[in-house]
file my_file22.pdb (PDB, C-alpha atoms, pLDDT in the B column)
ATOM      1  CA  MET U   1     148.487-162.113 171.081  1.00 58.00           C
ATOM      2  CA  SER U   2     147.163-162.510 167.542  1.00 65.00           C
ATOM      3  CA  GLY U   3     149.175-164.174 164.778  1.00 67.00           C
ATOM      4  CA  MET U   4     149.870-160.790 163.198  1.00 72.00           C
ATOM      5  CA  GLU U   5     150.996-159.183 166.450  1.00 80.00           C
ATOM      6  CA  LYS U   6     153.435-162.006 167.116  1.00 80.00           C
ATOM      7  CA  TYR U   7     155.505-161.053 164.049  1.00 86.00           C
ATOM      8  CA  ARG U   8     154.839-157.308 164.000  1.00 89.00           C
ATOM      9  CA  GLU U   9     158.323-156.166 165.057  1.00 89.00           C
ATOM     10  CA  GLU U  10     160.042-158.699 162.817  1.00 85.00           C
ATOM     11  CA  VAL U  11     158.039-157.501 159.808  1.00 86.00           C
ATOM     12  CA  ILE U  12     158.788-153.857 160.598  1.00 89.00           C
ATOM     13  CA  ASP U  13     162.526-154.559 161.016  1.00 86.00           C
ATOM     14  CA  THR U  14     162.623-156.537 157.771  1.00 82.00           C
ATOM     15  CA  ALA U  15     160.797-153.794 155.859  1.00 85.00           C
ATOM     16  CA  ARG U  16     163.223-151.169 157.183  1.00 86.00           C
ATOM     17  CA  ALA U  17     166.231-153.263 156.157  1.00 82.00           C
ATOM     18  CA  ILE U  18     164.864-153.915 152.666  1.00 82.00           C
ATOM     19  CA  ALA U  19     164.002-150.246 152.136  1.00 84.00           C
ATOM     20  CA  SER U  20     167.288-148.930 153.518  1.00 82.00           C
ATOM     21  CA  SER U  21     168.776-145.935 151.730  1.00 86.00           C
ATOM     22  CA  GLY U  22     170.940-146.666 148.688  1.00 86.00           C
ATOM     23  CA  ARG U  23     169.957-150.334 148.447  1.00 85.00           C
ATOM     24  CA  GLY U  24     167.510-152.138 146.207  1.00 85.00           C
ATOM     25  CA  ILE U  25     165.980-155.468 145.331  1.00 85.00           C
ATOM     26  CA  LEU U  26     167.620-157.841 142.840  1.00 84.00           C
ATOM     27  CA  ALA U  27     165.215-159.965 140.810  1.00 83.00           C
ATOM     28  CA  GLY U  28     167.385-163.057 140.499  1.00 79.00           C
ATOM     29  CA  ASP U  29     164.332-165.204 139.857  1.00 73.00           C
ATOM     30  CA  GLU U  30     165.043-166.335 136.327  1.00 80.00           C
ATOM     31  CA  SER U  31     162.873-169.314 135.463  1.00 84.00           C
ATOM     32  CA  THR U  32     164.160-172.372 133.652  1.00 87.00           C
ATOM     33  CA  ASN U  33     162.793-170.949 130.383  1.00 86.00           C
ATOM     34  CA  THR U  34     164.247-167.465 130.875  1.00 88.00           C
ATOM     35  CA  ILE U  35     167.697-168.689 131.814  1.00 91.00           C
ATOM     36  CA  GLY U  36     167.423-171.191 128.945  1.00 92.00           C
ATOM     37  CA  SER U  37     167.003-168.309 126.493  1.00 92.00           C
ATOM     38  CA  ARG U  38     170.182-166.706 127.828  1.00 91.00           C
ATOM     39  CA  PHE U  39     172.057-169.990 127.544  1.00 94.00           C
ATOM     40  CA  LYS U  40     170.765-170.623 124.016  1.00 95.00           C
ATOM     41  CA  SER U  41     172.135-167.257 122.881  1.00 95.00           C
ATOM     42  CA  ILE U  42     175.633-168.483 123.789  1.00 96.00           C
ATOM     43  CA  ASN U  43     175.093-172.094 122.689  1.00 97.00           C
ATOM     44  CA  LEU U  44     175.081-173.452 126.236  1.00 95.00           C
ATOM     45  CA  GLU U  45     172.919-176.451 127.124  1.00 96.00           C
ATOM     46  CA  ASN U  46     170.162-175.682 129.645  1.00 95.00           C
ATOM     47  CA  THR U  47     170.779-178.236 132.414  1.00 96.00           C
ATOM     48  CA  GLU U  48     170.134-177.944 136.146  1.00 94.00           C
ATOM     49  CA  GLU U  49     173.871-178.072 136.877  1.00 95.00           C
ATOM     50  CA  LYS U  50     174.621-175.240 134.438  1.00 95.00           C
ATOM     51  CA  ARG U  51     171.789-173.166 135.937  1.00 93.00           C
ATOM     52  CA  ARG U  52     173.210-173.874 139.410  1.00 94.00           C
ATOM     53  CA  ALA U  53     176.707-172.798 138.320  1.00 94.00           C
ATOM     54  CA  TYR U  54     175.331-169.611 136.733  1.00 91.00           C
ATOM     55  CA  ARG U  55     173.416-168.762 139.909  1.00 90.00           C
ATOM     56  CA  GLU U  56     176.514-169.420 141.995  1.00 91.00           C
ATOM     57  CA  LEU U  57     178.209-166.567 140.132  1.00 87.00           C
ATOM     58  CA  VAL U  58     175.544-164.262 141.551  1.00 80.00           C
ATOM     59  CA  VAL U  59     175.572-165.501 145.136  1.00 81.00           C
ATOM     60  CA  ALA U  60     179.250-166.335 145.664  1.00 82.00           C
ATOM     61  CA  THR U  61     181.244-163.844 143.614  1.00 81.00           C
ATOM     62  CA  PRO U  62     183.440-161.823 145.979  1.00 81.00           C
ATOM     63  CA  GLY U  63     182.717-158.144 146.193  1.00 78.00           C
ATOM     64  CA  ARG U  64     180.525-155.655 147.917  1.00 78.00           C
ATOM     65  CA  TRP U  65     177.194-156.243 146.203  1.00 79.00           C
ATOM     66  CA  GLU U  66     175.514-156.444 149.610  1.00 79.00           C
ATOM     67  CA  LYS U  67     176.265-152.737 150.003  1.00 82.00           C
ATOM     68  CA  PHE U  68     173.781-152.088 147.191  1.00 85.00           C
ATOM     69  CA  ILE U  69     171.325-155.015 147.407  1.00 83.00           C
ATOM     70  CA  SER U  70     168.983-155.559 150.343  1.00 83.00           C
ATOM     71  CA  ARG U  71     166.791-158.345 149.016  1.00 84.00           C
ATOM     72  CA  ILE U  72     167.125-161.035 146.380  1.00 85.00           C
ATOM     73  CA  ILE U  73     164.130-162.727 144.820  1.00 86.00           C
ATOM     74  CA  LEU U  74     164.937-166.329 143.917  1.00 87.00           C
ATOM     75  CA  TYR U  75     163.364-168.845 141.570  1.00 86.00           C
ATOM     76  CA  GLU U  76     161.934-171.902 143.350  1.00 83.00           C
ATOM     77  CA  GLU U  77     164.617-174.248 141.938  1.00 87.00           C
ATOM     78  CA  THR U  78     167.336-172.064 143.459  1.00 88.00           C
ATOM     79  CA  LEU U  79     166.132-172.662 147.015  1.00 86.00           C
ATOM     80  CA  ASN U  80     167.332-176.257 146.831  1.00 88.00           C
ATOM     81  CA  GLN U  81     170.663-175.532 145.146  1.00 92.00           C
ATOM     82  CA  SER U  82     174.043-175.045 146.843  1.00 94.00           C
ATOM     83  CA  THR U  83     177.452-173.606 146.066  1.00 93.00           C
ATOM     84  CA  THR U  84     180.214-176.026 145.061  1.00 94.00           C
ATOM     85  CA  ASP U  85     181.381-176.018 148.698  1.00 93.00           C
ATOM     86  CA  GLY U  86     177.939-177.229 149.854  1.00 94.00           C
ATOM     87  CA  ILE U  87     176.412-174.026 151.243  1.00 93.00           C
ATOM     88  CA  PRO U  88     172.734-173.608 150.246  1.00 93.00           C
ATOM     89  CA  PHE U  89     172.233-170.480 148.166  1.00 90.00           C
ATOM     90  CA  PRO U  90     169.730-168.887 150.583  1.00 89.00           C
ATOM     91  CA  ALA U  91     172.130-169.380 153.531  1.00 91.00           C
ATOM     92  CA  ARG U  92     175.010-167.914 151.516  1.00 89.00           C
ATOM     93  CA  LEU U  93     172.953-164.866 150.622  1.00 86.00           C
ATOM     94  CA  GLU U  94     171.675-164.335 154.158  1.00 85.00           C
ATOM     95  CA  LYS U  95     175.218-164.579 155.520  1.00 85.00           C
ATOM     96  CA  ARG U  96     176.113-161.697 153.227  1.00 82.00           C
ATOM     97  CA  GLY U  97     173.238-159.610 154.575  1.00 77.00           C
ATOM     98  CA  GLY U  98     170.655-160.155 151.854  1.00 74.00           C
ATOM     99  CA  TYR U  99     167.072-160.969 152.691  1.00 77.00           C
ATOM    100  CA  VAL U 100     165.912-163.857 150.522  1.00 81.00           C
ATOM    101  CA  GLY U 101     162.507-163.992 148.894  1.00 78.00           C
ATOM    102  CA  ILE U 102     160.992-166.352 146.369  1.00 77.00           C
ATOM    103  CA  LYS U 103     159.075-165.918 143.161  1.00 75.00           C
ATOM    104  CA  VAL U 104     155.794-167.619 144.036  1.00 75.00           C
ATOM    105  CA  ASP U 105     153.912-167.561 140.758  1.00 76.00           C
ATOM    106  CA  LYS U 106     154.244-170.061 137.923  1.00 77.00           C
ATOM    107  CA  GLY U 107     154.173-167.554 135.082  1.00 78.00           C
ATOM    108  CA  ARG U 108     151.283-166.095 133.151  1.00 83.00           C
ATOM    109  CA  GLY U 109     148.432-167.688 131.271  1.00 86.00           C
ATOM    110  CA  GLU U 110     145.944-166.296 128.800  1.00 90.00           C
ATOM    111  CA  ILE U 111     142.364-165.851 129.911  1.00 90.00           C
ATOM    112  CA  HIS U 112     140.287-167.776 127.396  1.00 90.00           C
ATOM    113  CA  GLY U 113     137.662-165.823 125.532  1.00 91.00           C
ATOM    114  CA  THR U 114     139.496-162.493 125.903  1.00 92.00           C
ATOM    115  CA  ALA U 115     141.592-160.436 123.542  1.00 91.00           C
ATOM    116  CA  GLY U 116     144.870-161.620 125.065  1.00 89.00           C
ATOM    117  CA  ASP U 117     144.227-160.727 128.695  1.00 92.00           C
ATOM    118  CA  ARG U 118     146.556-162.603 131.026  1.00 90.00           C
ATOM    119  CA  TYR U 119     146.503-163.864 134.601  1.00 86.00           C
ATOM    120  CA  THR U 120     149.118-165.068 137.126  1.00 82.00           C
ATOM    121  CA  MET U 121     149.292-168.841 137.442  1.00 81.00           C
ATOM    122  CA  GLY U 122     150.356-170.855 140.480  1.00 77.00           C
ATOM    123  CA  VAL U 123     149.082-168.638 143.275  1.00 74.00           C
ATOM    124  CA  ASP U 124     146.188-171.067 143.843  1.00 77.00           C
ATOM    125  CA  GLY U 125     148.654-173.880 144.754  1.00 74.00           C
ATOM    126  CA  LEU U 126     150.971-171.751 146.855  1.00 70.00           C
ATOM    127  CA  ALA U 127     149.986-173.159 150.242  1.00 73.00           C
ATOM    128  CA  GLY U 128     150.956-176.671 149.145  1.00 74.00           C
ATOM    129  CA  ARG U 129     154.410-175.493 148.004  1.00 66.00           C
ATOM    130  CA  CYS U 130     155.288-173.645 151.204  1.00 62.00           C
TER
END

call {"tool": "encode", "arguments": {"input": "my_file22.pdb", "output": "structure tokens"}}
result
Amino acid sequence: MSGMEKYREEVIDTARAIASSGRGILAGDESTNTIGSRFKSINLENTEEKRRAYRELVVATPGRWEKFISRIILYEETLNQSTTDGIPFPARLEKRGGYVGIKVDKGRGEIHGTAGDRYTMGVDGLAGRC
């Protein structure tokens, strides 16, 4: 059995769950800079603990968001953060029925010698971060 065949059914099941009717993908992958801009607009210091607390609002707030969200894309920092009761964010989300993904790039960079063309950074070092 090839490597692809080994996970074929799992991939198909995951794709069906993510694409289920009436549900969508939440891009909760705000980088340190992006979330910092939001915090700055309300005069809040951009610290890891404040980012963790903000993200906890998304993953732990009671309600039925899982009825409408099938997948949540997380920022790399979020993978290592936990709720105040010690549950890692990815585990909390999966328990609620959300498939967890991760933003794998490191932002965009300008291609030198062009008129502002851009490229995705960080994909070249992905294997070392997984």

call {"tool": "resolve_selection", "arguments": {"input": "my_file22.pdb", "expression": "the PyMOL selection byres ((chain U and resi 52) around 10)", "output": "VMD selection string"}}
result
chain U and resid 47 to 51 53 to 57 77 to 78 80 to 84 89

call {"tool": "atom_distance", "arguments": {"input": "my_file22.pdb", "atom1": "atom CA of Met121 of chain U", "atom2": "atom CA of Gly109 of chain U"}}
result
6.3 Å

call {"tool": "resolve_selection", "arguments": {"input": "my_file22.pdb", "expression": "the PyMOL selection byres ((chain U and resi 66) around 8)", "output": "PDB file with C-alpha atoms, in the coordinates of the input"}}
result
ATOM      1  CA  ARG U  64     180.525-155.655 147.917  1.00 78.00           C
ATOM      2  CA  TRP U  65     177.194-156.243 146.203  1.00 79.00           C
ATOM      3  CA  LYS U  67     176.265-152.737 150.003  1.00 82.00           C
ATOM      4  CA  PHE U  68     173.781-152.088 147.191  1.00 85.00           C
ATOM      5  CA  ILE U  69     171.325-155.015 147.407  1.00 83.00           C
ATOM      6  CA  SER U  70     168.983-155.559 150.343  1.00 83.00           C
ATOM      7  CA  ARG U  96     176.113-161.697 153.227  1.00 82.00           C
ATOM      8  CA  GLY U  97     173.238-159.610 154.575  1.00 77.00           C
ATOM      9  CA  GLY U  98     170.655-160.155 151.854  1.00 74.00           C
TER      10      GLY U  98
END

call {"tool": "residues_around", "arguments": {"input": "my_file22.pdb", "residues": "Lys95 of chain U", "least_positions_apart": "5", "cutoff": "12 Å", "atoms": "only C-alpha atoms", "output": "ChimeraX atom specification"}}
result
/U:59-60,66,87-90,100

call {"tool": "atom_distance", "arguments": {"input": "my_file22.pdb", "atom1": "atom CA of Asn33 of chain U", "atom2": "atom CA of Asn46 of chain U"}}
result
8.8 Å

call {"tool": "closest_residue", "arguments": {"input": "my_file22.pdb", "among": "U:Ala19, U:Leu79, U:Ile12, U:Val58", "to": "Ile102 of chain U", "atoms": "all atoms listed in the file"}}
result
U:Leu79

call {"tool": "axis_aligned_box", "arguments": {"input": "my_file22.pdb", "around": "segment 86-90 of chain U", "padding_each_side": "8 Å", "output": "AutoDock Vina command-line options"}}
result
--center_x 173.8 --center_y -173.1 --center_z 149.7 --size_x 24.2 --size_y 24.3 --size_z 19.1

call {"tool": "atom_distance", "arguments": {"input": "my_file22.pdb", "atom1": "atom CA of Gly24 of chain U", "atom2": "atom CA of Ile73 of chain U"}}
result
11.2 Å

call {"tool": "residues_around", "arguments": {"input": "my_file22.pdb", "residues": "Asp29 of chain U", "least_positions_apart": "2", "cutoff": "9 Å", "atoms": "only C-alpha atoms", "output": "number ranges by chain"}}
result
U: 26-27, 31, 72-76, 78, 102-103

call {"tool": "closest_residue", "arguments": {"input": "my_file22.pdb", "among": "U:Arg71, U:Gly116, U:Arg23, U:Gly107", "to": "Glu94 of chain U", "atoms": "all atoms listed in the file"}}
result
U:Arg71

call {"tool": "closest_residue", "arguments": {"input": "my_file22.pdb", "among": "U:Glu10, U:Glu45, U:Asp124, U:Asp85", "to": "Val104 of chain U", "atoms": "all atoms listed in the file"}}
result
U:Asp124

call {"tool": "closest_residue", "arguments": {"input": "my_file22.pdb", "among": "U:Tyr99, U:Ile35, U:Leu44, U:Gly63", "to": "Arg16 of chain U", "atoms": "all atoms listed in the file"}}
result
U:Tyr99

call {"tool": "build_atoms", "arguments": {"input": "my_file22.pdb", "residues": "segment 111-122 of chain U", "atoms": "all heavy atoms", "output": "short mmCIF file (atom, residue, chain, number, x, y, z; two decimals), in the coordinates of the input"}}
result
data_model
loop_
_atom_site.label_atom_id
_atom_site.label_comp_id
_atom_site.auth_asym_id
_atom_site.auth_seq_id
_atom_site.Cartn_x
_atom_site.Cartn_y
_atom_site.Cartn_z
N ILE U 111 143.75 -165.65 129.52
CA ILE U 111 142.36 -165.85 129.91
C ILE U 111 141.57 -166.15 128.64
O ILE U 111 141.49 -165.31 127.73
CB ILE U 111 141.78 -164.61 130.64
CG1 ILE U 111 142.60 -164.31 131.89
CG2 ILE U 111 140.30 -164.84 130.97
CD1 ILE U 111 142.23 -163.00 132.58
N HIS U 112 141.03 -167.35 128.58
CA HIS U 112 140.29 -167.78 127.40
C HIS U 112 139.08 -166.89 127.16
O HIS U 112 138.41 -166.45 128.08
CB HIS U 112 139.85 -169.24 127.55
CG HIS U 112 141.02 -170.16 127.70
ND1 HIS U 112 141.86 -170.47 126.65
CD2 HIS U 112 141.51 -170.82 128.76
CE1 HIS U 112 142.81 -171.29 127.08
NE2 HIS U 112 142.62 -171.52 128.37
N GLY U 113 138.82 -166.63 125.89
CA GLY U 113 137.66 -165.82 125.53
C GLY U 113 137.91 -164.33 125.61
O GLY U 113 136.96 -163.55 125.53
N THR U 114 139.17 -163.93 125.84
CA THR U 114 139.50 -162.49 125.90
C THR U 114 140.42 -162.15 124.73
O THR U 114 140.86 -163.02 123.99
CB THR U 114 140.21 -162.12 127.22
OG1 THR U 114 141.50 -162.74 127.23
CG2 THR U 114 139.41 -162.58 128.43
N ALA U 115 140.70 -160.91 124.61
CA ALA U 115 141.59 -160.44 123.54
C ALA U 115 143.04 -160.42 124.04
O ALA U 115 143.73 -159.41 123.95
CB ALA U 115 141.16 -159.05 123.08
N GLY U 116 143.48 -161.54 124.62
CA GLY U 116 144.87 -161.62 125.06
C GLY U 116 145.11 -161.21 126.50
O GLY U 116 146.25 -161.04 126.92
N ASP U 117 144.04 -161.05 127.27
CA ASP U 117 144.23 -160.73 128.70
C ASP U 117 144.93 -161.89 129.37
O ASP U 117 144.74 -163.05 129.02
CB ASP U 117 142.88 -160.46 129.37
CG ASP U 117 142.22 -159.18 128.88
OD1 ASP U 117 142.94 -158.32 128.33
OD2 ASP U 117 141.00 -159.04 129.05
N ARG U 118 145.75 -161.58 130.37
CA ARG U 118 146.56 -162.60 131.03
C ARG U 118 146.31 -162.61 132.53
O ARG U 118 145.83 -161.64 133.10
CB ARG U 118 148.03 -162.36 130.72
CG ARG U 118 148.27 -162.38 129.20
CD ARG U 118 149.69 -162.17 128.79
NE ARG U 118 150.60 -163.24 129.06
CZ ARG U 118 150.69 -164.38 128.39
NH1 ARG U 118 149.87 -164.62 127.40
NH2 ARG U 118 151.60 -165.28 128.68
N TYR U 119 146.63 -163.74 133.16
CA TYR U 119 146.50 -163.86 134.60
C TYR U 119 147.76 -164.55 135.15
O TYR U 119 148.52 -165.17 134.42
CB TYR U 119 145.24 -164.65 134.98
CG TYR U 119 145.30 -166.13 134.63
CD1 TYR U 119 145.64 -167.07 135.59
CD2 TYR U 119 145.05 -166.57 133.33
CE1 TYR U 119 145.71 -168.42 135.28
CE2 TYR U 119 145.12 -167.92 133.01
CZ TYR U 119 145.45 -168.84 133.97
OH TYR U 119 145.53 -170.16 133.66
N THR U 120 147.97 -164.45 136.46
CA THR U 120 149.12 -165.07 137.13
C THR U 120 148.74 -166.48 137.54
O THR U 120 147.77 -166.68 138.25
CB THR U 120 149.53 -164.24 138.36
OG1 THR U 120 149.86 -162.93 137.92
CG2 THR U 120 150.74 -164.85 139.05
N MET U 121 149.55 -167.44 137.11
CA MET U 121 149.29 -168.84 137.44
C MET U 121 150.10 -169.24 138.68
O MET U 121 151.13 -168.67 138.96
CB MET U 121 149.71 -169.75 136.27
CG MET U 121 148.96 -169.49 134.98
SD MET U 121 149.38 -170.63 133.65
CE MET U 121 151.13 -170.39 133.45
N GLY U 122 149.60 -170.27 139.39
CA GLY U 122 150.36 -170.86 140.48
C GLY U 122 150.05 -170.33 141.86
O GLY U 122 150.41 -170.96 142.85
#
